[in-house]
Amino acid sequence: MEILVCVKRVPDTSENEIQLARGGADIERADLVYSINEPDNYAVEEALQIVSRTGGKVTVVTVGNEEDEEVLRREMAMGAAGAVLLSDQAFEGSDGRGTAAILKAYVQSRHYDLILTGVQADDGCAQVGGMLAALLDYPFASLVTSIEVEGQRLKIAREVEGGSKEINRIDLPCVLSIQTGINEPRYVGMRGIRQVASIPIPTPCAADLGVEVDEVGKTAAKVQRVDYFVPPAGKGAQILQGSREEIVEKLMDLLKAKGGLN
Amino acid sequence: MIVARRLTPLLRAQRDFRFDRPLIRLGRVLQFWLAQWRHPRYRFAGALHIMIFAGFLLLAGRVFTLLAMGVSDRFIPVDSGGFLSSIRSYAATVVLLCVAVAIVRRLVFQPPRYGRPTADPIFLLALIGLLMAADGVFEGSKAAAEAALHLKATGRAVLLPPGSLSWMLAAAFSADGMGSLRTLHLGAYLTHEAAFFFLLCYRPFGIQFHVETSLFAVYFAKLDRGTIKPVRWGVPDDQLDSVPSFGVKKIEDFTWKHLLDFYSCADCGRCAEQCPANTVGRPLAPRTFSIKARDYLFHHYPVLGPSSNGTPLVGDLCSEAEIWSCTTCGACEAECPLLIEYIDKIVDLRRGLIDDGKAPQSLHKPLKSLETRGNPFGKMEKKRADWVQGAVPVVNGSGVDTLYFVDSITSYDDRIQAIGRAVGRVLGRIGGNFGILGAKERDSGHDVRRFGEETLFQALREHNTAAIRASGAIRIVTADPHAFNALRHDYRDVPPVEHVSQAIARAVRADQIKLKPVEDGGTYAYHDPCYLGRHNGVYDDPREVLDAIPGLQRVEMKRCRDRSFCCGGGGLALFYEAKENERMGVQRVRMAADAGATTIVTACPFCMVNLEDAIKVAGLEGKMTAIDLAELVERQMVS
Amino acid sequence: MPRIFAYIVHKNGVLDDTAAELPVAARKIVSPPDAAAAVTAIVVGWGADLDKVCESLRGLYAETWKVAQEGLAYPNAELVRQAIVKVVPAGSIVLVPHGHFGVDLSPGLSIKINAAYVPDVVDIEGIDGQWLKVVRQEFGGQVSAHMRANLSTGAVLNVRPGAFRPTGTAPMNGQVVDKSAEIGVLTARRQYLETIAAEIGDVDITKAPVLVSIGRGIGEQENIAIADDLAEVMGAAVSCSRPVVDAKWLDKSRQVGSSGQTVRPKVYMACGISGSFQHLAGLKGSPFIVALNKNPKAPIFRVADVGIVDDMLAFMPALAARVREESCVPGKGRRS
């Protein structure tokens with residue numbers, strides 16, 4: 001099976017606070033560490049596990065520029081057979097639809113049985129996978145937590161409310177967005193990354209892909225970010241002050257009043 | 001032929017450079033093999049073994065003389081008659097007694113470290129006993145016959161040493177007729193020879209192999225404590241890219257010495273009893289691993305039949321959980337009478353797993369953080385020196401004599417930062433011109449290496465080595481025993497390093513600091529950190545410092561010094577989630593409580609984290625506290 | 001002014017809370033906010049359940065478009081999308097609740113009707129020329145972003161549940177228009193088979209009046225004992241956020257959130273929980289929320305009633321000890 005996984009390089013924000021820069025035009029990126037978007041990593045692992053059962057290979061692709069190569073290489077160190085970087089100045093400022101259009105142009109130049117993305121990235125939009133499917137006219141399913149191959153179809157489970165699983169059957173070729181926790185991604189060590197450090201990564205541009213420049217980039221974007229901001233604190237929580245003992249006392253009183261102690 | 005078969009896997013194994021420093025190695029053979037140096041650590045069993053071993057040496061020659069006597073009547077052994085003969089007779093008697101006691105001990109009293117009584121050791125002991133008994137009958141029957149023939153009078157008889165087995169048997173046989181005596185004599189001889197040759201052939205099939213291999217195991221044992229073997233002996237670090245596969249994935253990936261270790265394990269269980277992982281119910285027990293590996297070698301390289309090599313080990317011989325359970329504390333290596341090594345094997349197995357992408361999920365994040373941020377917590381590099389708050393100068397450029405290497409946990413953990421500041425203030429008093437690298441420092445990588453991520457370790461080492469050398473420091477001091485061990489043994493071309501306890505002890509001796517009396521009336525127990533004590537031999541300096549504090553009541557825990565019980569592990573071990581019955585730290589604080597202590601003093605930040613946590617979990621809050629040596633010294637320092 | 005549609009989520013004949021929230025969002029689209037802005041509900045389904053839902057919708061929407069087809073008895077996003085494309089006029093604005101269905105439906109829908117798509121909208125500022133200005137959050141809720149969507153070809157907006165609370169306007173008496181005939185035969189290359197319900201597990205957190213909820217800040221599995229202890233003395237149950245389940249420290253049945261359980265406790269203690277929207281989406285009703293977190297900038301402090309900035313591993317045992325004391329002192333019995 002030929003599987004394409006769309007990945008994104010995102011800043012690691014879990015341990016470190018995000019600060020605004022330049023009056024909100026962007027966030028402060030100087031001290032940020034970037035890595036692969038976590039759900040995308042689960043998607044690559046899932047793809048690798050599928051091809052280990054069915055044969056075939058996994059290709060990873062991203063839309064970006066040179067600095068995004070590092071996540072492509074990391075996924076190659078993980079086991080992806082090839083990587084592609086779709087890069088062109090004209091792509092900059094694309095909204096989700098634009099990004100999907102770029103990916104669609106690449107997909108149509110090849111044949112893939114299955115396309116995977118992570119469920120969402122740092123902007124929490126969760127959109128490119130569904131858009132790509134619609135542009136390609138492939139069926140789509142999001143929040144996938146398990147995949148079974150049944151010939152030319154897949155039996156998948158989607159995560160729905162209450163932790164229940166919605167079981168679907170979906171025809172190939174299709175696009176799926178993968179939820180975290182679907183598997184346990186393998187470890188990628190420094191040695192593995194060094195070993196793929198000099199593998200050339202093809203970098204097709206807009207012309208190579210046959211992308212119409214008026215479909216992508218800033219001018220074509222139907223959705224644009226105006227600025228970042230931190231909302232005023234507003235009411236928010238009343239922060240209890242004092243020593244730990246004092247705070248425990250205050251909290252005890254509040255809990256009693258609100259029925260928190262039974 | 002059997003031995004040749006046993007040698008086959010060793011020939012297919014990896015290289016190991018063990019032929020250097022022959023004089024030191026010979027010295028260790030004399031100390032550990034001949035003088036049985038490790039054995040008295042378990043007194044009763046040790047005494048038994050020493051006597052059996054001594055008897056074995058004394059009787060070794062007997063084997064050949066007996067054989068010769070059987071071949072030719074004219075052969076008169078050197079030791080017949082007189083002093084040598086008495087020694088031989090007594091030796092045989094003592095060995096028989098010891099063997100009997102040993103068998104009873106195993107079958108009746110069943111010391112836990114032997115596990116359930118197994119046939120292998122009992123059979124061996126019984127065979128030895130048989131040999132001794134047969135020898136006694138041989139001599140005894142001959143003496144009885146000679147007595148009957150009044151040969152004593154002619155001076156051609158052998159005088160048997162009174163009290164020995166043969167003497168007693170001679171007395172017992174004195175009533176027998178010549179015919180039966182001859183039968184006994186011949187029978188004993190044949191029994192002795194049969195048993196001996198059987199034993200010789202049987203040896204390479206079980207733990208009795210250790211009798212043969214022990215000499216070699218001890219001679220070739222590792223000389224350099226605290227180090228980890230290179231990925232491949234003979235392949236320098238800058239050529240590691242050419243090695244197709246890292247670590248041990250199949251049994252032939254071990255070096256020949258490690259395979260020899262598997263043959264040499266006597267299944268005595270001393271290592272397993274000391275192993276903290278085993279004690280808390282993790283799936284690892286060192287000797288179990290050795291015995292399993294030995295049986296694996298026997299199975300895959302059988303005496304008869306073809307050998308099957310190259311099968312993957314993990315999942316077959318051992319589980320991943322076994323391999324990750326080890327805290328590399330070294331208790332097993334400190335205990336083993338045969339000097340069998342375990343840490344290098346575990347690290348090699350881990351290298352193999354990492355190479356195949358199989359790190360435990362709980363370690364992915366800290367490893368990634370170490371790679372991108374130089375610390376396992378994912379905190380920003382530029383904040384590495386934020387803990388200082390004026391207590392310690394940061395090196396800008398060069399110009400310090402002493403570099404205080406802080407390492408990651410002291411730099412970033414809220415609680416441990418206090419230890420860093422205490423160390424800073426103490427060094428300020430005694431350390432002369434010193435400073436820290438600050439944001440230029442990265443994790444020492446000590447446990448990155450021991451968890452098998454060799455490439456990442458080398459990257460960290462390279463970075464730190466450059467920063468250390470750029471600082472111009474001529475000596476390094478650290479309060480982190482893991483960093484201490486790394487800088488001392490894993491790093492090359494850096495200035496000499498010492499632990500802060502050694503610097504403080506020196507200052508105390510030189511009267512550089514005065515310590516005021518303690519006021520809390522508590523009882524203090526010092527916990528030896530694995531990487532300060534066992535791996536580096538620093539036991540006395542911290543104790544000296546404590547004893548220099550007036551009025552400080554100090555007790556020793558039963559398991560102290562090189563028998564210290566690991567707190568749970570440091571570095572990446574803090575992130576690994578093991579399946580266990582109880583935490584090591586919890587057992588350790590209970591040991592402190594049992595010794596009557598109200599305060600545990602430690603000299604390692606990881607011990608501090610584990611023990612403070614354990615005090616809460618064990619329900620000892622209010623009854624026990626933990627304090628770092630530097631914090632205690634700072635508290636008691638007279639300004 | 002483009003026509004505004006609201007996609008109605010329902011289950012077993014009962015409306016989801018978002019059905020009442022979407023009109024509130026719609027009213028903010030038109031500027032100045034126009035209470036009479038017409039928003040049409042669009043609801044798909046089949047049979048008695050659908051009929052019941054349509055009846056309920058009369059009170060919320062002036063007009064409800066009903067699309068009934070047997071194949072839509074279970075909302076398969078692939079089929080629903082086709083239905084919507086068939087009935088909704090070009091250039092419309094479609095509001096959809098953001099969630100496991102919304103992310104399945106809306107991205108593809110926006111492509112098929114050639115509209116702008118903004119997911120997970122938390123606030124709407126209004127129309128400015130051909131742009132609709134809205135607010136989203138990024139980086140796990142740490143920063144907000146002003147976005148603008150070009151309305152010239154319509155828009156699909158996924159609205160965050162709970163972001164637009166109904167203000168209690170007077171119920172309407174709307175009409176239901178049956179549009180079923182317009183959609184024709186729907187086929188999809190994805191078929192719904194069944195739903196496997198999550199196991200309840202030993203504790204049903206949806207029934208607990210007080211929850212001690214733990215997040216990533218618990219650090220490691222062994223520390224959960226601290227939460228168990230506090231919950232025990234408080235008479236509460238232990239619940240958690242997603243990272244704790246992903247790490248396999250607690251069963252999925254303990255997870256509060258959009259992909260976990262929905263809970264309505266009286267008191268909710270969020271310990272070491274950052275306060276991501278996915279987690280808070282599972283918290284309904286108006287619980288008294290106590291937030292305990294080491295990071296003073298954690299988003300949870302924006303929604304909590306009371307906040308404590310402290311190390312949860314130290315605070316929780318201290319609180320538990322105090323509660324224990326209270327309940328042990330004779331004469332001072334426990335309060336209910």
# chains A, B, ... in the order shown; residues from 1 in each chain; ligands from 1
>>> residues_around(residues="range 15-30 of chain C", least_positions_apart="4", cutoff="8 Å", atoms="only C-alpha atoms", output="ChimeraX atom specification")
/C:4,6-11,34-37,39,53,56,60-61,95-97,123-127,132,159,161-167
>>> write_last_selection(atoms="N, CA and C atoms", output="JSON list (two decimals), in the first residue's frame")
[["chain", "number", "residue", "atom", "x", "y", "z"],
["C", 4, "ILE", "N", -28.12, 32.99, 7.04],
["C", 4, "ILE", "CA", -27.37, 32.26, 8.06],
["C", 4, "ILE", "C", -28.10, 30.96, 8.40],
["C", 6, "ALA", "N", -27.99, 27.29, 10.78],
["C", 6, "ALA", "CA", -27.40, 26.66, 11.97],
["C", 6, "ALA", "C", -27.61, 25.16, 11.87],
["C", 7, "TYR", "N", -26.51, 24.41, 11.90],
["C", 7, "TYR", "CA", -26.64, 22.95, 11.82],
["C", 7, "TYR", "C", -26.96, 22.41, 13.22],
["C", 8, "ILE", "N", -28.01, 21.63, 13.33],
["C", 8, "ILE", "CA", -28.48, 21.17, 14.63],
["C", 8, "ILE", "C", -27.96, 19.76, 14.94],
["C", 9, "VAL", "N", -27.30, 19.64, 16.06],
["C", 9, "VAL", "CA", -26.84, 18.32, 16.52],
["C", 9, "VAL", "C", -27.87, 17.79, 17.52],
["C", 10, "HIS", "N", -28.25, 16.55, 17.33],
["C", 10, "HIS", "CA", -29.24, 15.95, 18.23],
["C", 10, "HIS", "C", -28.96, 14.47, 18.38],
["C", 11, "LYS", "N", -29.52, 13.90, 19.44],
["C", 11, "LYS", "CA", -29.34, 12.45, 19.67],
["C", 11, "LYS", "C", -30.55, 11.92, 20.39],
["C", 34, "ASP", "N", -28.30, 42.37, 15.82],
["C", 34, "ASP", "CA", -29.70, 42.49, 15.48],
["C", 34, "ASP", "C", -30.45, 41.28, 16.03],
["C", 35, "ALA", "N", -31.28, 41.55, 16.97],
["C", 35, "ALA", "CA", -31.97, 40.43, 17.62],
["C", 35, "ALA", "C", -32.85, 39.69, 16.65],
["C", 36, "ALA", "N", -33.26, 40.36, 15.62],
["C", 36, "ALA", "CA", -34.19, 39.69, 14.71],
["C", 36, "ALA", "C", -33.49, 39.04, 13.53],
["C", 37, "ALA", "N", -32.15, 38.99, 13.57],
["C", 37, "ALA", "CA", -31.44, 38.40, 12.45],
["C", 37, "ALA", "C", -31.94, 37.00, 12.20],
["C", 39, "VAL", "N", -31.96, 33.39, 11.39],
["C", 39, "VAL", "CA", -31.08, 32.24, 11.24],
["C", 39, "VAL", "C", -31.98, 31.02, 11.13],
["C", 53, "VAL", "N", -37.36, 16.38, 17.51],
["C", 53, "VAL", "CA", -36.36, 17.46, 17.48],
["C", 53, "VAL", "C", -36.92, 18.69, 16.80],
["C", 56, "SER", "N", -39.03, 20.69, 19.08],
["C", 56, "SER", "CA", -38.25, 21.50, 20.03],
["C", 56, "SER", "C", -37.66, 22.72, 19.35],
["C", 60, "LEU", "N", -36.89, 27.75, 19.18],
["C", 60, "LEU", "CA", -35.59, 28.42, 19.11],
["C", 60, "LEU", "C", -35.38, 29.15, 17.79],
["C", 61, "TYR", "N", -35.97, 28.64, 16.73],
["C", 61, "TYR", "CA", -35.70, 29.20, 15.41],
["C", 61, "TYR", "C", -37.00, 29.58, 14.70],
["C", 95, "LEU", "N", -23.41, 27.83, 10.32],
["C", 95, "LEU", "CA", -22.81, 27.67, 11.65],
["C", 95, "LEU", "C", -22.93, 26.21, 12.06],
["C", 96, "VAL", "N", -21.83, 25.63, 12.51],
["C", 96, "VAL", "CA", -21.81, 24.22, 12.93],
["C", 96, "VAL", "C", -21.12, 24.15, 14.29],
["C", 97, "PRO", "N", -21.63, 23.34, 15.21],
["C", 97, "PRO", "CA", -20.89, 23.22, 16.49],
["C", 97, "PRO", "C", -19.56, 22.51, 16.25],
["C", 123, "ASP", "N", -15.52, 33.77, 19.56],
["C", 123, "ASP", "CA", -16.23, 35.03, 19.65],
["C", 123, "ASP", "C", -16.39, 35.59, 18.25],
["C", 124, "ILE", "N", -17.45, 36.37, 18.06],
["C", 124, "ILE", "CA", -17.71, 36.97, 16.75],
["C", 124, "ILE", "C", -17.79, 38.47, 16.96],
["C", 125, "GLU", "N", -17.04, 39.21, 16.14],
["C", 125, "GLU", "CA", -17.03, 40.65, 16.32],
["C", 125, "GLU", "C", -17.92, 41.39, 15.33],
["C", 126, "GLY", "N", -18.22, 40.75, 14.23],
["C", 126, "GLY", "CA", -19.15, 41.41, 13.31],
["C", 126, "GLY", "C", -18.58, 41.54, 11.91],
["C", 127, "ILE", "N", -19.42, 42.10, 11.03],
["C", 127, "ILE", "CA", -19.05, 42.21, 9.62],
["C", 127, "ILE", "C", -18.44, 43.58, 9.34],
["C", 132, "LEU", "N", -15.85, 39.04, 7.71],
["C", 132, "LEU", "CA", -16.45, 38.74, 9.00],
["C", 132, "LEU", "C", -15.31, 38.58, 9.99],
["C", 159, "VAL", "N", -18.50, 26.68, 15.60],
["C", 159, "VAL", "CA", -18.62, 27.48, 16.79],
["C", 159, "VAL", "C", -18.28, 26.62, 18.01],
["C", 161, "PRO", "N", -18.63, 25.01, 21.39],
["C", 161, "PRO", "CA", -19.75, 24.81, 22.32],
["C", 161, "PRO", "C", -19.47, 25.53, 23.64],
["C", 162, "GLY", "N", -20.45, 26.21, 24.14],
["C", 162, "GLY", "CA", -20.30, 26.91, 25.42],
["C", 162, "GLY", "C", -19.76, 28.31, 25.28],
["C", 163, "ALA", "N", -19.31, 28.69, 24.08],
["C", 163, "ALA", "CA", -18.75, 30.04, 23.92],
["C", 163, "ALA", "C", -19.83, 31.11, 23.79],
["C", 164, "PHE", "N", -21.02, 30.68, 23.36],
["C", 164, "PHE", "CA", -22.11, 31.65, 23.18],
["C", 164, "PHE", "C", -23.29, 31.20, 24.01],
["C", 165, "ARG", "N", -23.29, 31.58, 25.26],
["C", 165, "ARG", "CA", -24.34, 31.07, 26.14],
["C", 165, "ARG", "C", -25.68, 31.72, 25.83],
["C", 166, "PRO", "N", -26.69, 30.91, 25.80],
["C", 166, "PRO", "CA", -28.03, 31.47, 25.50],
["C", 166, "PRO", "C", -28.42, 32.46, 26.60],
["C", 167, "THR", "N", -29.01, 33.56, 26.19],
["C", 167, "THR", "CA", -29.32, 34.61, 27.16],
["C", 167, "THR", "C", -30.76, 34.52, 27.64]]
>>> interface_residues(of="chain C", to="chain B", cutoff="9 Å", atoms="only C-alpha atoms", output="count of residues only")
3
>>> closest_residue(among="B:Cys326, B:Val601, B:Ile436, B:Ile228", to="Ala486 in chain B", atoms="only C-alpha atoms")
B:Ile228
>>> closest_atom_pairs(of="chain B", to="chain A", cutoff="8 Å", atoms="only C-alpha atoms", output="JSON lines")
{"residue": "B:Asp241", "atom": "CA", "partner": "A:Gln195", "partner_atom": "CA", "distance": 7.8}
{"residue": "B:Ile354", "atom": "CA", "partner": "A:Gly189", "partner_atom": "CA", "distance": 6.8}
{"residue": "B:Asp355", "atom": "CA", "partner": "A:Gly189", "partner_atom": "CA", "distance": 7.1}
{"residue": "B:Gly357", "atom": "CA", "partner": "A:Tyr187", "partner_atom": "CA", "distance": 4.3}
{"residue": "B:Lys358", "atom": "CA", "partner": "A:Tyr187", "partner_atom": "CA", "distance": 5.8}
{"residue": "B:Ala359", "atom": "CA", "partner": "A:Tyr187", "partner_atom": "CA", "distance": 5.6}
{"residue": "B:Gln361", "atom": "CA", "partner": "A:Glu184", "partner_atom": "CA", "distance": 7.1}
{"residue": "B:His364", "atom": "CA", "partner": "A:Tyr187", "partner_atom": "CA", "distance": 6.4}
{"residue": "B:Glu371", "atom": "CA", "partner": "A:Met190", "partner_atom": "CA", "distance": 8.0}
{"residue": "B:Thr372", "atom": "CA", "partner": "A:Val33", "partner_atom": "CA", "distance": 6.9}
{"residue": "B:Arg373", "atom": "CA", "partner": "A:Val33", "partner_atom": "CA", "distance": 7.9}
{"residue": "B:Gly378", "atom": "CA", "partner": "A:Glu15", "partner_atom": "CA", "distance": 6.2}
{"residue": "B:Lys379", "atom": "CA", "partner": "A:Glu15", "partner_atom": "CA", "distance": 6.5}
{"residue": "B:Met380", "atom": "CA", "partner": "A:Asp31", "partner_atom": "CA", "distance": 7.4}
{"residue": "B:Glu453", "atom": "CA", "partner": "A:Gly189", "partner_atom": "CA", "distance": 7.0}
{"residue": "B:Thr455", "atom": "CA", "partner": "A:Arg191", "partner_atom": "CA", "distance": 5.7}
{"residue": "B:Leu456", "atom": "CA", "partner": "A:Met190", "partner_atom": "CA", "distance": 5.8}
>>> write_last_selection(atoms="N, CA and C atoms", output="CSV table (one decimal), in the first residue's frame")
chain,number,residue,atom,x,y,z
B,241,ASP,N,29.8,5.8,12.8
B,241,ASP,CA,28.8,5.7,11.7
B,241,ASP,C,28.9,4.5,10.9
B,354,ILE,N,17.3,0.8,21.6
B,354,ILE,CA,17.3,2.2,21.1
B,354,ILE,C,17.5,2.2,19.6
B,355,ASP,N,18.5,1.4,19.2
B,355,ASP,CA,18.8,1.4,17.8
B,355,ASP,C,17.6,0.9,16.9
B,357,GLY,N,14.5,1.6,17.8
B,357,GLY,CA,13.4,2.5,18.1
B,357,GLY,C,12.5,2.1,19.2
B,358,LYS,N,13.1,1.2,20.1
B,358,LYS,CA,12.2,0.7,21.2
B,358,LYS,C,12.5,1.3,22.5
B,359,ALA,N,12.4,2.6,22.7
B,359,ALA,CA,12.6,3.1,24.0
B,359,ALA,C,11.2,3.2,24.7
B,361,GLN,N,7.9,4.5,26.2
B,361,GLN,CA,7.2,5.8,25.9
B,361,GLN,C,7.5,6.9,26.9
B,364,HIS,N,10.5,9.0,25.9
B,364,HIS,CA,10.6,9.7,24.6
B,364,HIS,C,10.8,11.2,24.8
B,371,GLU,N,17.8,16.4,23.7
B,371,GLU,CA,18.4,16.7,22.4
B,371,GLU,C,18.2,18.1,22.0
B,372,THR,N,17.0,18.7,22.2
B,372,THR,CA,16.8,20.0,21.8
B,372,THR,C,17.1,21.1,22.8
B,373,ARG,N,17.0,20.7,24.1
B,373,ARG,CA,17.2,21.8,25.1
B,373,ARG,C,18.4,21.5,26.0
B,378,GLY,N,12.7,19.8,29.4
B,378,GLY,CA,12.1,20.7,28.4
B,378,GLY,C,12.2,22.1,28.7
B,379,LYS,N,12.9,22.5,29.7
B,379,LYS,CA,13.0,23.9,30.1
B,379,LYS,C,14.0,24.6,29.2
B,380,MET,N,13.9,25.9,29.1
B,380,MET,CA,14.7,26.7,28.2
B,380,MET,C,16.2,26.7,28.6
B,453,GLU,N,21.4,5.6,24.8
B,453,GLU,CA,21.4,6.6,23.7
B,453,GLU,C,22.8,7.1,23.5
B,455,THR,N,24.7,8.0,20.9
B,455,THR,CA,24.9,9.1,20.0
B,455,THR,C,24.5,10.5,20.7
B,456,LEU,N,23.4,10.5,21.4
B,456,LEU,CA,23.0,11.7,22.0
B,456,LEU,C,24.0,12.1,23.1
>>> atom_distance(atom1="CA of Val63 in chain A", atom2="CA of Ser259 in chain C")
29.2 Å
>>> select_by_dssp(residues="range 87-314 of chain C", states="helix (DSSP H, G or I)", output="PyMOL selection string")
chain C and resi 87+102-112+151-153+180-182+205-207+216-218+221-234+242-246+252-254+277-280+300-303+312-314
>>> residues_around(residues="Val7 in chain A", least_positions_apart="5", cutoff="10 Å", atoms="only C-alpha atoms", output="list in words")
Ile36, Asn37, Glu38, Pro39, Asp40, Asn41, Ala43, Val44, Val60, Val61, Thr62, Val63, Asp68, Val71, Leu72, Glu75, Leu116, Thr117, Gly118 and Ala121 of chain A
>>> write_last_selection(atoms="N, CA and C atoms", output="PDB file, in the first residue's frame")
ATOM      1  N   ILE A  36       7.992  17.855  15.190  1.00  0.00           N
ATOM      2  CA  ILE A  36       6.850  17.444  14.396  1.00  0.00           C
ATOM      3  C   ILE A  36       5.591  17.543  15.239  1.00  0.00           C
ATOM      4  N   ASN A  37       4.499  17.974  14.609  1.00  0.00           N
ATOM      5  CA  ASN A  37       3.206  18.019  15.258  1.00  0.00           C
ATOM      6  C   ASN A  37       2.863  16.609  15.768  1.00  0.00           C
ATOM      7  N   GLU A  38       2.565  16.554  17.066  1.00  0.00           N
ATOM      8  CA  GLU A  38       2.414  15.230  17.681  1.00  0.00           C
ATOM      9  C   GLU A  38       1.409  14.306  16.990  1.00  0.00           C
ATOM     10  N   PRO A  39       0.216  14.761  16.676  1.00  0.00           N
ATOM     11  CA  PRO A  39      -0.703  13.845  15.987  1.00  0.00           C
ATOM     12  C   PRO A  39      -0.140  13.350  14.647  1.00  0.00           C
ATOM     13  N   ASP A  40       0.661  14.180  13.959  1.00  0.00           N
ATOM     14  CA  ASP A  40       1.254  13.730  12.701  1.00  0.00           C
ATOM     15  C   ASP A  40       2.225  12.581  12.951  1.00  0.00           C
ATOM     16  N   ASN A  41       2.919  12.640  14.082  1.00  0.00           N
ATOM     17  CA  ASN A  41       3.864  11.573  14.417  1.00  0.00           C
ATOM     18  C   ASN A  41       3.127  10.252  14.631  1.00  0.00           C
ATOM     19  N   ALA A  43       0.412   9.560  13.191  1.00  0.00           N
ATOM     20  CA  ALA A  43      -0.041   9.150  11.863  1.00  0.00           C
ATOM     21  C   ALA A  43       1.064   8.412  11.118  1.00  0.00           C
ATOM     22  N   VAL A  44       2.288   8.923  11.223  1.00  0.00           N
ATOM     23  CA  VAL A  44       3.396   8.250  10.527  1.00  0.00           C
ATOM     24  C   VAL A  44       3.607   6.856  11.120  1.00  0.00           C
ATOM     25  N   VAL A  60       6.382  10.957   3.431  1.00  0.00           N
ATOM     26  CA  VAL A  60       5.905  12.095   4.213  1.00  0.00           C
ATOM     27  C   VAL A  60       6.066  13.365   3.386  1.00  0.00           C
ATOM     28  N   VAL A  61       5.128  14.281   3.560  1.00  0.00           N
ATOM     29  CA  VAL A  61       5.146  15.514   2.779  1.00  0.00           C
ATOM     30  C   VAL A  61       4.793  16.668   3.690  1.00  0.00           C
ATOM     31  N   THR A  62       5.382  17.827   3.426  1.00  0.00           N
ATOM     32  CA  THR A  62       4.978  19.023   4.131  1.00  0.00           C
ATOM     33  C   THR A  62       5.042  20.212   3.188  1.00  0.00           C
ATOM     34  N   VAL A  63       4.259  21.231   3.512  1.00  0.00           N
ATOM     35  CA  VAL A  63       4.305  22.475   2.751  1.00  0.00           C
ATOM     36  C   VAL A  63       5.093  23.460   3.591  1.00  0.00           C
ATOM     37  N   ASP A  68      11.759  23.321   7.456  1.00  0.00           N
ATOM     38  CA  ASP A  68      10.828  22.223   7.715  1.00  0.00           C
ATOM     39  C   ASP A  68      11.407  20.874   7.352  1.00  0.00           C
ATOM     40  N   VAL A  71      11.838  17.981  10.166  1.00  0.00           N
ATOM     41  CA  VAL A  71      10.808  17.022  10.588  1.00  0.00           C
ATOM     42  C   VAL A  71      10.651  15.930   9.544  1.00  0.00           C
ATOM     43  N   LEU A  72      10.858  16.281   8.276  1.00  0.00           N
ATOM     44  CA  LEU A  72      10.790  15.240   7.242  1.00  0.00           C
ATOM     45  C   LEU A  72      11.885  14.205   7.497  1.00  0.00           C
ATOM     46  N   GLU A  75      11.092  11.865  10.351  1.00  0.00           N
ATOM     47  CA  GLU A  75      10.145  10.800  10.012  1.00  0.00           C
ATOM     48  C   GLU A  75      10.786   9.761   9.099  1.00  0.00           C
ATOM     49  N   LEU A 116      -2.883  10.186   5.161  1.00  0.00           N
ATOM     50  CA  LEU A 116      -3.131  10.426   6.584  1.00  0.00           C
ATOM     51  C   LEU A 116      -2.656  11.819   6.971  1.00  0.00           C
ATOM     52  N   THR A 117      -3.362  12.420   7.910  1.00  0.00           N
ATOM     53  CA  THR A 117      -2.861  13.640   8.554  1.00  0.00           C
ATOM     54  C   THR A 117      -3.091  13.465  10.048  1.00  0.00           C
ATOM     55  N   GLY A 118      -2.466  14.311  10.837  1.00  0.00           N
ATOM     56  CA  GLY A 118      -2.787  14.306  12.259  1.00  0.00           C
ATOM     57  C   GLY A 118      -4.104  15.052  12.430  1.00  0.00           C
ATOM     58  N   ALA A 121      -3.222  20.635  14.362  1.00  0.00           N
ATOM     59  CA  ALA A 121      -1.851  21.099  14.625  1.00  0.00           C
ATOM     60  C   ALA A 121      -1.887  22.251  15.626  1.00  0.00           C
TER      61      ALA A 121
END
>>> residues_around(residues="range 223-228 of chain C", least_positions_apart="3", cutoff="12 Å", atoms="only C-alpha atoms", output="PyMOL selection string")
(chain B and resi 577+613-614+616-617) or (chain C and resi 211-220+231-240+244+249-250+269-272+312-321)
>>> closest_atom_pairs(of="range 152-190 of chain C", to="range 76-85 of chain C", cutoff="9 Å", atoms="only C-alpha atoms", output="JSON lines")
{"residue": "C:Ser180", "atom": "CA", "partner": "C:Ala83", "partner_atom": "CA", "distance": 8.9}
{"residue": "C:Glu182", "atom": "CA", "partner": "C:Ala83", "partner_atom": "CA", "distance": 8.6}
{"residue": "C:Ile183", "atom": "CA", "partner": "C:Ala83", "partner_atom": "CA", "distance": 5.7}
{"residue": "C:Gly184", "atom": "CA", "partner": "C:Ala83", "partner_atom": "CA", "distance": 8.5}
{"residue": "C:Leu186", "atom": "CA", "partner": "C:Leu79", "partner_atom": "CA", "distance": 6.2}
{"residue": "C:Thr187", "atom": "CA", "partner": "C:Leu79", "partner_atom": "CA", "distance": 6.7}
{"residue": "C:Ala188", "atom": "CA", "partner": "C:Leu79", "partner_atom": "CA", "distance": 6.1}
{"residue": "C:Arg189", "atom": "CA", "partner": "C:Glu78", "partner_atom": "CA", "distance": 8.0}
{"residue": "C:Arg190", "atom": "CA", "partner": "C:Glu78", "partner_atom": "CA", "distance": 6.9}
